[in-house]
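K.L.:
Below: one structure in structure tokens.
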Amino acid sequence: MRLAGDNMRYSDKVYLLTKLLDEDQSGLNHQASYQSQLVPANVQQVNLTFAQNGTVYNATVIRVYGRYHADAIGFDGEYVEGDNDTVHEIQKVSQHDKQTAFYIIHNEVILHGE
């Protein structure tokens, strides 16, 4: 019997990042500030077709148990608070029964012969 959010299925950890309100966005060196929450996750590298024209993209899918909201993702072992170079923007969110999936697109996959 599996328990909800057990370590077998959600063996990775990610930081769910929510943007904080920022009064001064006009500075030249402006960076968004985030509130972070470390949660168990299932992280997979996949190739997905998002566009209606059949374009294939290399992506990371992050699945977490429960319903969550996040503006960006930080990977455990990589994310450094205050360093936006370690923040990954979310392109798509989907929610299923008791799970939330966040999609991060890395690049277009060039198929042979195209």
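Residue names in the structure tokens use chain letters A, B, ... in the order shown, residue numbers from 1 in each chain, and ligand numbers from 1 in the order shown.
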Contacts of Ser94 (chain A) at 10 Å or less, counting only C-alpha atoms, minus same-chain residues fewer than 5 places along, as a ChimeraX atom specification?

P.N.:
/A:63,67,99-103

K.L.:
When you count only C-alpha atoms, which of these residues is closest to Ser36 (chain A): A:Val56, A:Leu17, A:Ile105, A:Val87?

P.N.:
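Result for the nearest residue to Ser36 (chain A): A:Leu17.
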
K.L.:
Gln45 (chain A): which residues within 8 Å, counting only C-alpha atoms, same-chain residues fewer than 4 positions away excluded, as a VMD selection string?

P.N.:
chain A and resid 58 to 61

K.L.:
Restricting the calculation to only C-alpha atoms: of A:Phe75, A:Thr86, A:Ala70, A:Ile62, which residue gets closest to Ile104 (chain A)?

P.N.:
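Among A:Phe75, A:Thr86, A:Ala70, A:Ile62, it is A:Ile62 that comes nearest to Ile104 (chain A).
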
K.L.:
Nearest to Glu89 (chain A): which of A:Val46, A:Leu16, A:Leu38, A:Ile73 is it, counting only C-alpha atoms?

P.N.:
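Nearest to Glu89 (chain A): A:Ile73.
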
K.L.:
Could you please determine the separation between CA of Asn47 (chain A) and CA of Gln91 (chain A) in Å, to one decimal place?

P.N.:
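A separation of 14.3 Å between them.
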
K.L.:
Report the residues of region 38-69 of chain A whose backbone DSSP state falls under strand (DSSP E), written as a ChimeraX atom specification.

P.N.:
/A:38-49,56-65

K.L.:
Please determine, counting only C-alpha atoms, which residue among A:Asp12, A:Tyr68, A:Leu21, A:Tyr34 has the shortest atom-to-atom distance to His96 (chain A).

P.N.:
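Of all the options, A:Tyr68 lies closest to His96 (chain A).
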
K.L.:
If you count only C-alpha atoms, which residues fall within 7 Å of Gln35 (chain A), apart from same-chain ones fewer than 6 positions away, as number ranges by chain?

P.N.:
A: 17-20
